[in-house]
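> Okay, so here is coords35.cif, and as you'll see once you scroll down, it has mmCIF, C-alpha atoms.
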```
data_structure
loop_
_atom_site.label_atom_id
_atom_site.label_comp_id
_atom_site.auth_asym_id
_atom_site.auth_seq_id
_atom_site.Cartn_x
_atom_site.Cartn_y
_atom_site.Cartn_z
CA MET A 66 120.44 142.68 102.58
CA ARG A 67 117.26 144.04 104.16
CA HIS A 68 117.22 147.31 106.05
CA SER A 69 113.51 147.32 107.03
CA SER A 70 113.61 149.03 110.40
CA GLU A 71 116.20 151.60 109.32
CA ILE A 72 114.09 152.45 106.25
CA GLU A 73 110.85 152.70 108.23
CA GLN A 74 112.49 155.04 110.70
CA GLU A 75 113.95 157.14 107.91
CA ILE A 76 110.64 157.62 106.08
CA LYS A 77 108.77 158.45 109.28
CA GLU A 78 111.30 161.19 109.98
CA LEU A 79 111.14 162.54 106.42
CA ALA A 80 107.34 162.51 106.09
CA PRO A 81 105.84 162.14 109.57
CA GLY A 82 102.25 163.10 108.72
CA ILE A 83 101.65 160.32 106.18
CA THR A 84 100.56 156.73 106.62
CA TRP A 85 102.74 154.78 104.26
CA PRO A 86 101.20 151.63 102.77
CA GLY A 87 102.64 148.14 103.16
CA LYS A 88 105.18 146.70 100.74
CA GLU A 89 102.75 144.30 99.04
CA MET A 90 102.27 145.03 95.37
CA PRO A 91 98.72 145.70 94.27
CA PHE A 92 99.46 144.51 90.70
CA HIS A 93 97.91 141.37 89.31
CA VAL A 94 100.19 138.48 88.24
CA PRO A 95 98.91 135.42 86.32
CA ALA A 96 98.44 132.32 88.49
CA ASP A 97 101.46 129.95 88.57
CA TYR A 98 103.63 132.54 86.83
CA PHE A 99 106.55 132.07 89.22
CA ASP A 100 106.14 128.27 89.31
CA GLN A 101 106.83 128.02 85.58
CA LEU A 102 109.29 130.85 85.11
CA ALA A 103 112.54 128.95 85.85
CA GLU A 104 111.56 126.20 83.41
CA ARG A 105 110.64 128.69 80.68
CA ILE A 106 113.91 130.56 81.05
CA SER A 107 115.92 127.32 81.01
CA ALA A 108 114.25 126.46 77.72
CA LEU A 109 115.02 129.93 76.33
CA LYS A 110 118.71 129.86 77.15
CA GLY A 111 119.18 126.90 74.83
CA PRO A 112 119.97 123.23 75.35
CA SER A 113 121.78 122.25 78.49
CA THR A 114 125.37 121.07 78.29
CA GLU A 115 126.71 117.54 78.44
CA VAL A 116 130.09 116.48 79.83
CA ILE A 117 131.89 113.95 77.65
CA GLU A 118 134.05 111.48 79.52
CA GLY A 119 137.75 111.87 78.77
CA GLN A 120 137.13 115.26 77.08
CA PRO A 121 137.72 118.69 78.58
CA PHE A 122 134.91 120.10 76.44
CA THR A 123 131.18 120.16 76.99
CA MET A 124 128.49 120.18 74.34
CA PRO A 125 124.72 120.70 74.23
CA ALA A 126 122.92 117.66 75.60
CA GLY A 127 121.70 115.35 72.83
CA TYR A 128 123.81 117.25 70.25
CA PHE A 129 124.66 114.17 68.16
CA ASP A 130 121.10 112.85 68.35
CA ARG A 131 119.81 116.02 66.69
CA LEU A 132 122.72 116.67 64.32
CA PRO A 133 121.72 114.40 61.36
CA GLU A 134 118.23 115.91 61.19
CA GLN A 135 119.55 119.44 61.60
CA MET A 136 122.10 118.92 58.83
CA LEU A 137 119.50 117.40 56.51
CA ASN A 138 117.17 120.37 57.06
CA ARG A 139 120.02 122.77 56.51
CA VAL A 140 121.18 121.08 53.30
CA LYS A 141 117.60 121.06 51.96
CA ALA A 142 117.13 124.72 52.88
CA THR A 143 120.41 125.69 51.17
CA ALA A 144 119.51 123.75 48.01
CA ALA A 145 116.07 125.38 47.89
CA GLU A 146 117.63 128.79 48.36
CA LYS A 147 120.06 128.21 45.49
CA ASN A 148 117.23 127.20 43.13
CA THR A 149 115.08 130.20 43.88
CA SER A 150 117.61 133.01 44.15
CA SER A 151 119.98 133.09 41.19
CA GLY A 152 119.80 136.91 41.35
CA THR A 153 121.34 136.77 44.79
CA VAL A 154 124.19 134.65 43.44
CA ILE A 155 125.02 137.32 40.89
CA SER A 156 124.96 140.05 43.45
CA LEU A 157 127.15 137.98 45.77
CA LEU A 158 129.53 137.38 42.88
CA TRP A 159 129.68 141.10 42.25
CA LYS A 160 130.31 141.72 45.90
CA ARG A 161 133.28 139.40 45.68
CA VAL A 162 134.64 140.82 42.43
CA ILE A 163 134.28 144.54 43.23
CA PRO A 164 137.01 144.70 45.92
CA TYR A 165 139.49 143.01 43.57
CA ALA A 166 138.51 145.30 40.69
CA VAL A 167 138.92 148.38 42.90
CA ALA A 168 142.25 147.07 44.19
CA ALA A 169 143.44 146.45 40.62
CA MET A 170 142.35 149.95 39.56
CA LEU A 171 144.12 151.56 42.48
CA GLY A 172 147.21 149.46 41.79
CA GLY A 173 147.14 150.53 38.16
CA LEU A 174 146.79 154.17 39.13
CA LEU A 175 149.72 153.89 41.52
CA VAL A 176 151.95 152.22 38.95
CA THR A 177 150.97 154.76 36.28
CA GLY A 178 151.55 157.64 38.70
CA ALA A 179 154.92 156.27 39.70
CA PHE A 180 155.81 155.79 36.04
CA ILE A 181 154.80 159.34 35.09
CA PHE A 182 156.53 161.03 37.97
CA THR A 183 159.72 158.99 38.03
CA ASP A 184 160.44 158.44 34.35
CA LYS A 185 159.64 161.62 32.41
CA ARG A 186 162.21 160.84 29.76
CA SER A 187 160.44 157.69 28.63
CA VAL A 188 157.13 159.57 28.55
CA LEU A 189 158.70 162.12 26.26
CA ASP A 190 159.98 159.28 24.10
CA GLN A 191 156.51 157.81 23.95
CA ASN A 192 155.04 161.16 22.90
CA ARG A 193 157.65 161.43 20.23
CA SER A 194 156.92 157.93 18.90
CA ALA A 195 153.17 158.73 18.93
CA GLN A 196 153.88 161.83 16.86
CA LEU A 197 155.93 159.71 14.47
CA ASP A 198 153.01 157.29 14.00
CA VAL A 199 150.68 160.16 13.12
CA THR A 200 153.23 161.45 10.62
CA ALA A 201 153.43 157.98 9.08
CA ALA A 202 149.63 157.85 8.78
CA HIS A 203 149.62 161.25 7.11
CA THR A 204 152.24 160.00 4.67
CA VAL A 205 150.16 156.94 3.72
CA LEU A 206 146.99 159.01 3.24
CA SER A 207 148.77 161.67 1.17
CA PRO A 208 147.43 161.92 -2.48
CA ASP A 209 151.05 161.54 -3.65
CA ASN A 210 151.43 158.17 -1.95
CA ASP A 211 151.36 155.13 -4.28
CA LEU A 212 149.12 153.04 -1.98
CA TYR A 213 146.56 155.89 -1.71
CA LYS A 214 146.60 156.31 -5.49
CA ASP A 215 145.97 152.59 -5.94
CA ILE A 216 142.98 152.55 -3.51
CA SER A 217 141.46 155.67 -5.16
CA ARG A 218 141.75 154.10 -8.58
CA LYS A 219 139.97 150.91 -7.43
CA MET A 220 137.19 152.86 -5.70
CA GLN A 221 136.39 154.77 -8.89
CA THR A 222 135.60 151.47 -10.65
CA ILE A 223 132.78 150.70 -8.12
CA SER A 224 129.38 152.27 -8.84
CA ASP A 225 127.15 153.96 -6.22
CA GLU A 226 124.49 151.22 -6.66
CA GLU A 227 127.06 148.56 -5.82
CA ILE A 228 128.05 150.40 -2.66
CA SER A 229 124.35 150.79 -1.61
CA ARG A 230 123.66 147.10 -2.22
CA TYR A 231 126.73 146.12 -0.21
CA LEU A 232 125.59 148.25 2.71
CA GLU A 233 122.04 146.83 2.61
CA GLU A 234 123.33 143.30 2.59
CA ASN A 235 125.86 143.75 5.31
CA THR A 236 124.09 146.05 7.77
CA THR A 237 121.74 144.64 10.39
CA THR A 238 119.19 146.27 12.73
CA ASP A 239 118.71 143.10 14.82
CA ALA A 240 120.02 144.83 17.94
CA LEU A 241 117.17 147.36 17.79
CA ASP A 242 114.55 144.60 17.46
CA TRP A 243 115.71 142.68 20.57
CA GLN A 244 112.95 141.86 23.05
CA PRO A 245 113.72 140.88 26.67
CA GLU A 246 110.98 138.18 26.50
CA GLU A 247 113.25 136.19 24.24
CA LEU A 248 115.24 135.26 27.29
CA ASN A 249 112.31 133.45 28.92
CA MET B 233 115.10 128.06 101.70
CA HIS B 234 117.33 129.15 98.83
CA PRO B 235 121.02 128.20 98.64
CA GLU B 236 123.67 130.84 99.35
CA ASP B 237 124.98 132.80 96.36
CA SER B 238 128.44 131.24 96.76
CA ILE B 239 126.89 127.75 96.43
CA LEU B 240 124.90 128.82 93.35
CA LEU B 241 128.07 130.11 91.73
CA GLN B 242 129.98 126.93 92.59
CA TRP B 243 127.27 124.88 90.90
CA TYR B 244 127.23 127.18 87.91
CA HIS B 245 131.00 127.09 87.39
CA ALA B 246 131.17 123.27 87.44
CA PRO B 247 130.05 122.06 83.97
CA ALA B 248 128.23 119.04 85.42
CA THR B 249 126.04 121.20 87.68
CA ARG B 250 125.79 124.36 85.57
CA ASP B 251 122.11 123.95 84.74
CA LYS B 252 121.25 123.16 88.32
CA GLY B 253 123.09 126.31 89.47
CA PHE B 254 121.32 128.51 86.93
CA THR B 255 117.88 127.11 87.71
CA ALA B 256 118.50 127.67 91.41
CA LEU B 257 119.59 131.24 90.70
CA VAL B 258 116.44 131.95 88.67
CA THR B 259 114.25 130.41 91.39
CA LYS B 260 115.93 132.47 94.10
CA TYR B 261 115.88 135.84 92.33
CA GLN B 262 112.85 135.64 90.05
CA GLN B 263 110.42 137.31 92.41
CA PRO B 264 112.54 140.24 93.67
CA LEU B 265 113.74 140.99 90.13
CA TYR B 266 110.28 140.60 88.65
CA TRP B 267 108.78 143.09 91.11
CA HIS B 268 111.65 145.51 90.65
CA ILE B 269 111.05 145.43 86.89
CA ARG B 270 107.26 145.44 87.18
CA ARG B 271 107.28 148.58 89.34
CA MET B 272 109.14 150.32 86.53
CA VAL B 273 107.44 149.00 83.40
CA ILE B 274 104.01 148.42 85.06
CA ASN B 275 102.59 145.98 82.52
CA HIS B 276 102.98 142.24 83.27
CA ALA B 277 103.76 141.19 79.68
CA ASP B 278 106.49 143.86 79.43
CA ALA B 279 107.88 142.87 82.83
CA ASP B 280 107.98 139.23 81.71
CA ASP B 281 109.87 140.15 78.50
CA VAL B 282 112.38 142.29 80.36
CA LEU B 283 112.87 139.64 83.06
CA GLN B 284 113.59 136.96 80.45
CA ASN B 285 116.15 139.22 78.79
CA VAL B 286 117.73 139.83 82.17
CA PHE B 287 118.14 136.12 82.88
CA LEU B 288 119.48 135.45 79.38
CA LYS B 289 122.09 138.17 79.95
CA VAL B 290 122.87 136.65 83.32
CA TRP B 291 123.36 133.23 81.70
CA LYS B 292 125.79 134.71 79.17
CA GLY B 293 127.59 136.96 81.64
CA LEU B 294 127.84 134.67 84.63
CA THR B 295 130.95 132.93 83.26
CA ASN B 296 132.86 136.22 83.54
CA PHE B 297 131.21 137.26 86.79
CA ARG B 298 133.86 138.21 89.35
CA GLU B 299 133.01 136.51 92.58
CA GLU B 300 134.24 139.39 94.68
CA SER B 301 131.26 141.39 93.33
CA ASN B 302 127.93 140.96 95.01
CA LEU B 303 125.71 138.70 92.89
CA TYR B 304 122.58 140.37 94.26
CA THR B 305 123.64 143.90 93.24
CA TRP B 306 124.95 142.64 89.90
CA LEU B 307 121.54 141.11 89.12
CA TYR B 308 119.76 144.29 90.16
CA ARG B 309 122.07 146.36 87.99
CA ILE B 310 121.25 144.26 84.92
CA ALA B 311 117.53 144.38 85.73
CA THR B 312 117.61 148.17 86.23
CA ASN B 313 119.52 148.77 83.01
CA GLU B 314 117.23 146.49 81.04
CA SER B 315 114.13 148.20 82.44
CA LEU B 316 115.48 151.68 81.69
CA SER B 317 116.44 150.63 78.16
CA PHE B 318 112.95 149.22 77.68
CA LEU B 319 111.36 152.48 78.88
CA GLU B 320 113.65 154.48 76.59
CA ARG B 321 112.61 152.36 73.60
CA GLU B 322 108.96 152.78 74.54
CA LYS B 323 109.42 156.54 74.84
CA ARG B 324 110.94 156.69 71.34
CA ARG B 325 108.13 154.53 69.97
CA GLY B 326 105.64 156.82 71.73
CA ILE B 327 107.04 159.82 69.85
CA VAL B 328 106.56 157.99 66.55
CA ASN B 329 103.04 157.05 67.60
CA MET B 330 102.25 160.66 68.46
CA ASP B 331 103.31 161.62 64.93
CA ASP B 332 100.87 159.02 63.70
CA GLU B 333 98.21 160.56 65.97
CA VAL B 334 98.05 157.43 68.06
CA VAL B 335 98.34 158.38 71.68
CA GLY B 336 100.68 156.14 73.68
CA THR B 337 99.43 154.52 76.84
CA THR B 338 100.96 156.04 79.94
CA ALA B 339 101.99 154.04 82.97
CA GLN B 340 99.09 155.51 84.93
CA GLN B 341 96.60 154.49 82.26
CA GLN B 342 98.06 151.00 82.29
CA MET B 343 97.62 150.82 86.07
CA LYS B 344 94.02 151.93 85.84
CA ALA B 345 93.44 149.17 83.28
CA ASP B 346 94.51 146.52 85.84
CA PRO B 347 91.45 144.43 86.79
CA HIS B 348 92.37 144.85 90.48
CA PHE B 349 92.79 148.61 90.32
CA ASP B 350 91.10 150.45 93.18
CA GLU B 351 91.79 154.16 93.36
CA LYS B 352 90.70 154.30 97.00
CA LYS B 353 93.39 151.91 98.14
CA LEU B 354 96.54 153.49 99.53
CA GLU B 355 98.80 151.03 97.67
CA TRP B 356 97.39 152.15 94.32
CA LYS B 357 97.54 155.82 95.29
CA LEU B 358 101.21 155.41 96.11
CA GLN B 359 101.89 153.62 92.81
CA LEU B 360 100.11 156.37 90.85
CA ALA B 361 102.12 159.02 92.70
CA ILE B 362 105.43 157.22 92.09
CA GLN B 363 104.78 157.40 88.34
CA GLN B 364 104.86 161.19 88.58
CA LEU B 365 108.42 161.20 89.93
CA PRO B 366 111.41 161.75 87.64
CA GLU B 367 112.82 158.42 86.42
CA LYS B 368 115.95 158.42 88.61
CA GLN B 369 114.02 159.30 91.77
CA ARG B 370 111.49 156.60 90.92
CA VAL B 371 114.20 153.94 90.70
CA VAL B 372 115.86 155.14 93.91
CA PHE B 373 112.57 155.22 95.82
CA ASN B 374 111.57 151.75 94.63
CA LEU B 375 114.92 150.20 95.52
CA ARG B 376 114.94 151.80 98.97
CA TYR B 377 111.31 151.55 99.99
CA PHE B 378 110.18 148.28 98.39
CA ASP B 379 113.41 146.33 97.97
CA GLU B 380 114.74 147.68 101.29
CA MET B 381 118.18 148.14 99.82
CA GLY B 382 121.01 149.88 101.67
CA TYR B 383 122.60 152.99 100.15
CA ARG B 384 125.93 151.19 99.67
CA GLU B 385 124.29 148.42 97.63
CA MET B 386 122.21 150.98 95.74
CA SER B 387 125.37 152.85 94.82
CA GLU B 388 126.72 149.61 93.32
CA VAL B 389 123.51 149.05 91.38
CA LEU B 390 123.11 152.59 90.07
CA GLN B 391 126.82 153.53 89.98
CA THR B 392 126.03 156.75 91.88
CA SER B 393 127.47 158.11 95.12
CA GLU B 394 125.67 157.31 98.37
CA GLY B 395 125.26 161.06 99.07
CA ALA B 396 123.52 161.66 95.75
CA LEU B 397 121.25 158.67 96.35
CA LYS B 398 120.25 159.91 99.82
CA ALA B 399 119.42 163.33 98.40
CA SER B 400 117.45 161.72 95.59
CA TYR B 401 115.47 159.52 98.00
CA HIS B 402 114.69 162.46 100.29
CA HIS B 403 113.40 164.52 97.36
CA ALA B 404 111.28 161.59 96.21
CA VAL B 405 109.75 161.07 99.67
CA LYS B 406 108.93 164.78 100.03
CA LYS B 407 107.21 164.86 96.62
CA LEU B 408 105.26 161.70 97.36
CA GLU B 409 104.19 163.06 100.73
CA GLU B 410 102.80 166.13 99.02
CA MET B 411 101.01 164.13 96.32
CA LEU B 412 99.50 161.68 98.84
CA ARG B 413 98.24 164.56 101.00
CA GLU B 414 96.52 166.12 97.98
CA SER B 415 94.87 162.85 97.01
#
```
Show the structure stored in the file as structure tokens.


Amino acid sequence: MRHSSEIEQEIKELAPGITWPGKEMPFHVPADYFDQLAERISALKGPSTEVIEGQPFTMPAGYFDRLPEQMLNRVKATAAEKNTSSGTVISLLWKRVIPYAVAAMLGGLLVTGAFIFTDKRSVLDQNRSAQLDVTAAHTVLSPDNDLYKDISRKMQTISDEEISRYLEENTTTDALDWQPEELN
Amino acid sequence: MHPEDSILLQWYHAPATRDKGFTALVTKYQQPLYWHIRRMVINHADADDVLQNVFLKVWKGLTNFREESNLYTWLYRIATNESLSFLEREKRRGIVNMDDEVVGTTAQQQMKADPHFDEKKLEWKLQLAIQQLPEKQRVVFNLRYFDEMGYREMSEVLQTSEGALKASYHHAVKKLEEMLRES
């Protein structure tokens, strides 16, 4: 809604000593700019819609004409992406696994916590049984034990050279010699 | 002669004539909105970018547009917000540039770079003076003086009371009067 005369009157009263210029803009605009603008914006907003007879829905005009080509391009692009970015696959896999691992850890902590705080008796029993196992181990390794005596006797029959040879033959340093290039 | 806003909206809301309605809306409002934006961002390429964003927002938002609101003020509100956001982004980029010792181009420098710039012409003098106003006063002055908008419509566009807008416009006119006298 234009208020030209009201605005002219208002500005003359506010600043009477000034000649105010006209409303034309002095800025330069490219030729035909406004003639092409509507068309350019229509192209930017995406394809126009199409009404399908007997359907309440609309779809972009020419949607099915373009779909096979679009799908082919998309499938090709996805296949190319898979071939070139195995690293990404691993990281995506990790992204998927981490939440489950964290959930499992938290679940485990909760169960353990509940177990510790609600069933102290069984914990005490466990401690006792652990102590019993240690006692049993001590008993086996005692010099008075028959099994220990038997092992000691057999060990005395093996010479130091035989032990050294055995270690040389059965120890490997392959892990230290590993080179990453071997993977290529 | 452009169709009435109610007709444009009718066209837009019917799927079969939606494109026709939107094209008619762009054709009707492209010039007023362009000039409103251009007076704020100065440069044509920037004004073109902002205007395109405005119409894309209009296309997305028109489905939910409540017909009891005034289409004209709704469009101006989007255009004003987009222009102010653009200026804000430019200001932030300017600060970064200053850190990199690259001096940002001011609106006045951009005007002087216009091939049609003539510092003796009153229209250019006014435009240079307007750039020295605070942002809010600049918007209010432009909407009132150039777009000839009423205070009630301006209050819808800027979400400010009519009283505050009148005070803002009066301050702007007084400052411009002083600047134009000096020049």

> Please provide as a ChimeraX atom specification all residues within 9 Å of range 389-405 of chain B, with the sequence filter that same-chain residues fewer than 4 positions apart are discarded (counting all atoms listed in the file).

/A:76,79-80 /B:305-310,312-313,362,365-366,368-370,372-373,376,383-385,409-410

> I need the chain B residues near chain A as a list in words; criterion: at most 6 Å, counting all atoms listed in the file.

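That gives Thr255, Val258, Thr259, Leu354, Glu355, Phe378 and Glu380 of chain B for chain B.
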
> I'd like to know which of B:Gln262, B:Asn275, B:Gln342, B:Asn296 is closest to Tyr244 in chain B, using all atoms listed in the file.

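Counting all atoms listed in the file, the residue closest to Tyr244 in chain B is B:Asn296.
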
> For the file shown, report as a PyMOL selection string the outcome of the PyMOL selection byres ((chain B and resi 343) around 9) at residue level.

(chain A and resi 92) or (chain B and resi 274-275+338-342+344-347+349+356+359-360)

> Can you measure CA of Asn374 in chain B to CA of Val273 in chain B for me? One decimal in Å is fine.

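Separation between CA of Asn374 in chain B and CA of Val273 in chain B: 12.3 Å.
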
> Can you list what the PyMOL selection byres ((chain B and resi 311) around 12) grabs from this structure, as JSON, numbers by chain?

{"B": [261, 262, 264, 265, 266, 267, 268, 269, 270, 271, 272, 273, 279, 280, 281, 282, 283, 284, 285, 286, 287, 288, 289, 290, 304, 305, 306, 307, 308, 309, 310, 312, 313, 314, 315, 316, 317, 318, 371, 375, 389, 390]}

> Take CA of Asp379 in chain B and CA of Leu358 in chain B and report the distance between them in Å, one decimal.

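That distance, rounded to one decimal, is 15.3 Å.
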
> Convert the output of the PyMOL selection byres ((chain B and resi 238) around 12) on the shown file into explicit residues, formatted as a PyMOL selection string.

chain B and resi 234-237+239-245+253+256-257+297-304

> Show me, as JSON, the centre and edge lengths in Å to one decimal of the axis-aligned box that covers every listed atom of range 160-171 of chain A with 3 Å on each side.


```
{"center_x": 137.2, "center_y": 145.5, "center_z": 42.7, "size_x": 19.8, "size_y": 18.2, "size_z": 12.4}
```

> Can you work out the spacing between CA of Glu78 in chain A and CA of Leu408 in chain B in Å, to one decimal?

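Those two atoms sit 14.0 Å apart.
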